[in-house]
Amino acid sequence: MAIKYELVHVDKNSGARLGVLHTPHGSFETPIFMPVGTQATVKTLSSKEIKEVSDGLILGNTYHLWLQPGDDIVKEHGGIRGFMKWDGALLTDSGGFQVFSLADIRNISEEGVTFKHHLSGATLNLTPEKAIEIQNNLGADIIMSFDECPPFHSDYDYMKDSVLRTIRWAKRGKEVHQFPEKQALFGIVQGGPYKDLRKMCIEELTKIDFPGYSIGGLSVGETKKEMYDMLEYLKDYMPKDKPRYLMGVGSPDDLIMGVLNGIDMFDCVLPTRIARHGSAMTSNGKIVIKNKLYEKDMGPLDSNCDCFVCKNHTRSYIRHLFKGKEMLGQRLVSYHNLYFLKNLMKQIREAIKEDRLLEFKEEFFKKYYG
RNA sequence: GGAGGGGUAGCGAAGAGGCUAAACGCGGCAGACUGUAAAUCUGCUCCCAACGGGUUCGGCGGUUCGAAACCGUCCCCCUCCA
């Protein structure tokens, strides 16, 4: 088996799990947050910097690397790890999210999904088998089944068809997976807001038997309450001896709520995207560093942070970089935001260890959201 | 001295009698962003006690029911010829 999940402790007052995830490229304490590096780069950061602001596990993307430069070229480099000179562990998404995000240039059938390349106009066929083949070439430690990520509020009949198809696709993918001993293939739970579909999906995926399970189709436009309700429901049905990965979630409140509902792994573009757009996460809430308010602010982004950026640069300087369209601004805030989440996850793990995650949540929310 | 061209909101630049408080771009201010088609997108940006009102298009004076637009005059800028 490529990975092994070890459940170390469950918070006595919540369902939060403390564990260790063993992979071919390192063992990681969970819950863990994984920065997203879609095109074999966590945007703006070098692999050395990624190492400093992550816990050693990051994401790559099947669809984008398949289109460019092509998984064959990545394979020649020894996979994504060799390509981007990343010596930590890796997880790749299957392209399932692109079925959602590129909805207007794709077509779904039983066989797979046809995309129209947004640049060349070429027609591209991504099937469950192809997605696994590409991921075999990309060489991540953890890979995803090809799924359809449908809009949360799709109607019941559509959702049911979609979930059943996603289950069939998961099975097809597993059957062609070449290196189960090197790469752990996860199944992805879909079903939108429909609890019976979600439950059925977990049960069917569990029958196929995967080394880990992802929860997809959340944080795609539904309300936080809808997402939290679903997480609470799913908590009791997810296999306890396997890692649980909530895909695409990364705002501080959602991370805490996810952990409280038994999630072990998260990834999200939010910290790096809002950083590039000029917002920083701080222990007192999100700030828009571009604002005039910070023109003469001599303090660090977050006075409670000990990252390189906070130890060395003022808010005034970082605002200046943004106003001057200097790319260092985007780099510095990306660095800080990822470090902030890394630190948040560390605090969460410590709180679980001491059975006080609920108290931690209260304190954190009070400071972060006022 | 002669011949043309031009002066529009913080800047650049449309508009050539009513649909114009004046397109568009930049700049400025604010907001959004959740398995990355995102260094992106959205809103506001003459003044005010603002679902209404008040002042604008170099200055002044006219024509007209009505002018940033037409006429006169003055001021300033640019190009060419002496």
# chains A, B, ... in the order shown; residues from 1 in each chain; ligands from 1
call {"tool": "interface_residues", "arguments": {"of": "chain A", "to": "chain B", "cutoff": "7 Å", "atoms": "only C-alpha atoms (C1' of nucleotides)", "output": "number ranges by chain"}}
result
A: 38, 93, 97, 118, 219, 247-251, 267-270, 274, 276
call {"tool": "write_last_selection", "arguments": {"atoms": "N, CA, C and O atoms", "output": "CSV table (one decimal), in the first residue's frame"}}
result
chain,number,residue,atom,x,y,z
A,38,THR,N,-1.2,24.0,-9.0
A,38,THR,CA,-1.9,23.5,-10.2
A,38,THR,C,-0.9,23.1,-11.3
A,38,THR,O,-0.9,22.0,-11.8
A,93,ASP,N,-5.0,16.3,-8.3
A,93,ASP,CA,-6.5,16.2,-8.6
A,93,ASP,C,-6.6,15.7,-10.0
A,93,ASP,O,-5.7,15.8,-10.9
A,97,PHE,N,-12.5,18.7,-11.1
A,97,PHE,CA,-12.9,20.0,-10.8
A,97,PHE,C,-13.1,20.9,-12.0
A,97,PHE,O,-13.9,21.8,-12.1
A,118,HIS,N,-9.2,25.9,-24.3
A,118,HIS,CA,-9.6,27.3,-24.4
A,118,HIS,C,-8.6,28.1,-25.2
A,118,HIS,O,-8.9,29.2,-25.6
A,219,SER,N,-18.1,23.7,-1.2
A,219,SER,CA,-17.4,25.0,-1.5
A,219,SER,C,-17.5,25.3,-3.0
A,219,SER,O,-16.5,25.7,-3.6
A,247,MET,N,-12.1,18.5,-0.3
A,247,MET,CA,-11.5,19.1,-1.5
A,247,MET,C,-11.9,20.6,-1.6
A,247,MET,O,-13.1,20.9,-1.5
A,248,GLY,N,-10.9,21.4,-1.8
A,248,GLY,CA,-11.2,22.8,-2.1
A,248,GLY,C,-11.6,23.7,-1.0
A,248,GLY,O,-12.2,24.8,-1.3
A,249,VAL,N,-11.3,23.3,0.2
A,249,VAL,CA,-11.7,24.2,1.3
A,249,VAL,C,-10.5,24.8,2.0
A,249,VAL,O,-9.5,24.1,2.3
A,250,GLY,N,-10.5,26.0,2.3
A,250,GLY,CA,-9.4,26.7,2.9
A,250,GLY,C,-9.5,28.0,3.6
A,250,GLY,O,-8.6,28.6,3.9
A,251,SER,N,-10.8,28.5,3.8
A,251,SER,CA,-10.9,29.7,4.6
A,251,SER,C,-10.8,29.2,6.0
A,251,SER,O,-11.1,28.1,6.4
A,267,ASP,N,-7.3,21.2,0.9
A,267,ASP,CA,-6.4,22.0,-0.1
A,267,ASP,C,-7.3,23.2,-0.5
A,267,ASP,O,-8.5,23.1,-0.4
A,268,CYS,N,-6.7,24.3,-0.9
A,268,CYS,CA,-7.4,25.4,-1.4
A,268,CYS,C,-6.5,26.4,-2.1
A,268,CYS,O,-5.4,26.6,-1.7
A,269,VAL,N,-7.1,27.1,-3.1
A,269,VAL,CA,-6.3,28.1,-3.8
A,269,VAL,C,-6.5,29.5,-3.1
A,269,VAL,O,-5.8,30.4,-3.4
A,270,LEU,N,-7.4,29.5,-2.1
A,270,LEU,CA,-7.8,30.8,-1.5
A,270,LEU,C,-6.6,31.6,-1.0
A,270,LEU,O,-6.5,32.8,-1.3
A,274,ILE,N,-6.1,35.1,-3.0
A,274,ILE,CA,-6.4,36.4,-2.4
A,274,ILE,C,-5.1,37.2,-2.1
A,274,ILE,O,-5.1,38.4,-2.2
A,276,ARG,N,-2.5,37.2,-4.2
A,276,ARG,CA,-2.2,37.9,-5.4
A,276,ARG,C,-3.1,39.1,-5.7
A,276,ARG,O,-2.8,40.0,-6.4
call {"tool": "residues_around", "arguments": {"residues": "B:G59", "least_positions_apart": "6", "cutoff": "12 Å", "atoms": "only C-alpha atoms (C1' of nucleotides)", "output": "JSON, numbers by chain"}}
result
{"B": [7, 73, 74, 75, 76]}
call {"tool": "select_by_dssp", "arguments": {"residues": "stretch 203-267 of chain A", "states": "strand (DSSP E)", "output": "PyMOL selection string"}}
result
chain A and resi 213-215+244-246+265-267
call {"tool": "residues_around", "arguments": {"residues": "A:Glu326", "least_positions_apart": "5", "cutoff": "12 Å", "atoms": "only C-alpha atoms (C1' of nucleotides)", "output": "list of chain:residue names"}}
result
A:Arg276, A:Gly278, A:Tyr317, A:Ile318, A:Arg319, A:His320, A:Leu321, A:Arg331, A:Leu332, B:A39
call {"tool": "write_last_selection", "arguments": {"atoms": "all heavy atoms", "output": "tab-separated table (two decimals), in the first residue's frame"}}
result
chain	number	residue	atom	x	y	z
A	276	ARG	N	-2.54	37.22	-4.17
A	276	ARG	CA	-2.22	37.89	-5.44
A	276	ARG	C	-3.14	39.07	-5.69
A	276	ARG	O	-2.80	40.01	-6.39
A	276	ARG	CB	-2.31	36.89	-6.61
A	276	ARG	CG	-1.02	36.17	-6.89
A	276	ARG	CD	-1.17	35.11	-7.96
A	276	ARG	NE	-1.75	33.92	-7.37
A	276	ARG	CZ	-2.86	33.34	-7.77
A	276	ARG	NH1	-3.54	33.82	-8.80
A	276	ARG	NH2	-3.31	32.27	-7.16
A	278	GLY	N	-4.28	40.94	-3.27
A	278	GLY	CA	-4.02	41.99	-2.29
A	278	GLY	C	-4.66	41.83	-0.92
A	278	GLY	O	-4.83	42.82	-0.22
A	317	TYR	N	5.11	48.96	3.42
A	317	TYR	CA	5.95	48.52	2.30
A	317	TYR	C	5.18	47.59	1.36
A	317	TYR	O	5.21	47.74	0.14
A	317	TYR	CB	7.20	47.82	2.83
A	317	TYR	CG	8.07	47.23	1.73
A	317	TYR	CD1	8.69	48.05	0.79
A	317	TYR	CD2	8.27	45.85	1.64
A	317	TYR	CE1	9.49	47.51	-0.22
A	317	TYR	CE2	9.06	45.30	0.64
A	317	TYR	CZ	9.67	46.14	-0.29
A	317	TYR	OH	10.44	45.60	-1.29
A	318	ILE	N	4.45	46.64	1.95
A	318	ILE	CA	3.73	45.67	1.13
A	318	ILE	C	2.62	46.37	0.34
A	318	ILE	O	2.40	46.08	-0.84
A	318	ILE	CB	3.18	44.52	2.00
A	318	ILE	CG1	4.38	43.75	2.58
A	318	ILE	CG2	2.30	43.59	1.18
A	318	ILE	CD1	4.03	42.80	3.70
A	319	ARG	N	1.95	47.32	0.98
A	319	ARG	CA	0.94	48.09	0.24
A	319	ARG	C	1.59	48.83	-0.93
A	319	ARG	O	1.09	48.84	-2.05
A	319	ARG	CB	0.25	49.11	1.15
A	319	ARG	CG	-0.74	50.00	0.38
A	319	ARG	CD	-1.38	51.07	1.23
A	319	ARG	NE	-1.27	52.38	0.60
A	319	ARG	CZ	-2.20	52.93	-0.18
A	319	ARG	NH1	-3.33	52.32	-0.40
A	319	ARG	NH2	-2.00	54.10	-0.75
A	320	HIS	N	2.73	49.41	-0.64
A	320	HIS	CA	3.47	50.13	-1.68
A	320	HIS	C	3.76	49.21	-2.87
A	320	HIS	O	3.62	49.61	-4.03
A	320	HIS	CB	4.77	50.68	-1.10
A	320	HIS	CG	5.83	50.94	-2.12
A	320	HIS	ND1	5.76	51.99	-3.01
A	320	HIS	CD2	6.97	50.25	-2.43
A	320	HIS	CE1	6.82	51.94	-3.82
A	320	HIS	NE2	7.57	50.90	-3.48
A	321	LEU	N	4.16	47.97	-2.59
A	321	LEU	CA	4.46	47.03	-3.67
A	321	LEU	C	3.23	46.78	-4.52
A	321	LEU	O	3.30	46.72	-5.76
A	321	LEU	CB	4.99	45.71	-3.10
A	321	LEU	CG	6.35	45.76	-2.40
A	321	LEU	CD1	6.67	44.41	-1.78
A	321	LEU	CD2	7.46	46.17	-3.36
A	331	ARG	N	4.13	37.88	-3.98
A	331	ARG	CA	4.94	36.79	-3.42
A	331	ARG	C	4.94	36.83	-1.89
A	331	ARG	O	4.74	35.81	-1.23
A	331	ARG	CB	6.38	36.88	-3.94
A	331	ARG	CG	6.56	36.27	-5.32
A	331	ARG	CD	7.92	36.46	-5.97
A	331	ARG	NE	9.09	36.44	-5.10
A	331	ARG	CZ	9.56	35.37	-4.45
A	331	ARG	NH1	8.94	34.21	-4.56
A	331	ARG	NH2	10.64	35.45	-3.71
A	332	LEU	N	5.16	38.01	-1.37
A	332	LEU	CA	5.26	38.13	0.09
A	332	LEU	C	3.94	37.74	0.76
A	332	LEU	O	3.92	37.04	1.77
A	332	LEU	CB	5.65	39.56	0.49
A	332	LEU	CG	7.05	40.01	0.06
A	332	LEU	CD1	7.32	41.44	0.54
A	332	LEU	CD2	8.13	39.07	0.60
B	39	A	P	-3.59	35.67	-12.57
B	39	A	OP1	-2.89	35.46	-13.81
B	39	A	OP2	-3.14	34.97	-11.34
B	39	A	O5'	-3.58	37.24	-12.31
B	39	A	C5'	-4.11	37.83	-11.15
B	39	A	C4'	-3.33	39.08	-10.92
B	39	A	O4'	-1.97	38.69	-10.62
B	39	A	C3'	-3.22	39.97	-12.16
B	39	A	O3'	-4.26	40.90	-12.17
B	39	A	C2'	-1.88	40.65	-11.97
B	39	A	O2'	-1.99	41.78	-11.14
B	39	A	C1'	-1.07	39.59	-11.24
B	39	A	N9	-0.16	38.83	-12.09
B	39	A	C8	-0.22	37.50	-12.42
B	39	A	N7	0.76	37.11	-13.19
B	39	A	C5	1.52	38.26	-13.38
B	39	A	C6	2.69	38.51	-14.09
B	39	A	N6	3.35	37.58	-14.78
B	39	A	N1	3.18	39.76	-14.06
B	39	A	C2	2.52	40.69	-13.37
B	39	A	N3	1.41	40.58	-12.65
B	39	A	C4	0.96	39.33	-12.69
call {"tool": "select_by_dssp", "arguments": {"residues": "stretch 132-237 of chain A", "states": "alpha helix (DSSP H)", "output": "ChimeraX atom specification"}}
result
/A:132-138,156-176,195-208,224-235
call {"tool": "closest_residue", "arguments": {"among": "A:Asp87, A:Tyr194, A:Lys325, A:Lys367", "to": "A:Asn304", "atoms": "only C-alpha atoms"}}
result
A:Lys367
call {"tool": "residues_around", "arguments": {"residues": "A:Leu185", "least_positions_apart": "3", "cutoff": "7 Å", "atoms": "only C-alpha atoms (C1' of nucleotides)", "output": "PyMOL selection string"}}
result
chain A and resi 142-145+210-211
call {"tool": "residues_around", "arguments": {"residues": "A:Gly139", "least_positions_apart": "5", "cutoff": "9 Å", "atoms": "only C-alpha atoms (C1' of nucleotides)", "output": "ChimeraX atom specification"}}
result
/A:74-75,78-81,90-92,134,182-183
call {"tool": "write_last_selection", "arguments": {"atoms": "C-alpha atoms", "output": "CSV table (one decimal), in the first residue's frame"}}
result
chain,number,residue,atom,x,y,z
A,74,VAL,CA,6.6,15.8,-16.8
A,75,LYS,CA,7.3,12.1,-16.7
A,78,GLY,CA,10.7,12.0,-13.0
A,79,GLY,CA,7.2,13.3,-12.4
A,80,ILE,CA,6.0,16.6,-10.9
A,81,ARG,CA,8.5,16.2,-8.0
A,90,LEU,CA,2.4,15.3,-3.7
A,91,LEU,CA,-1.3,14.8,-4.4
A,92,THR,CA,-2.9,15.4,-7.8
A,134,ILE,CA,-1.8,10.9,-16.7
A,182,LYS,CA,3.3,3.7,-5.0
A,183,GLN,CA,0.3,5.9,-5.5
call {"tool": "residues_around", "arguments": {"residues": "B:A22", "least_positions_apart": "2", "cutoff": "9 Å", "atoms": "only C-alpha atoms (C1' of nucleotides)", "output": "list in words"}}
result
U8, A9, G15, U20, C57 and A68 of chain B
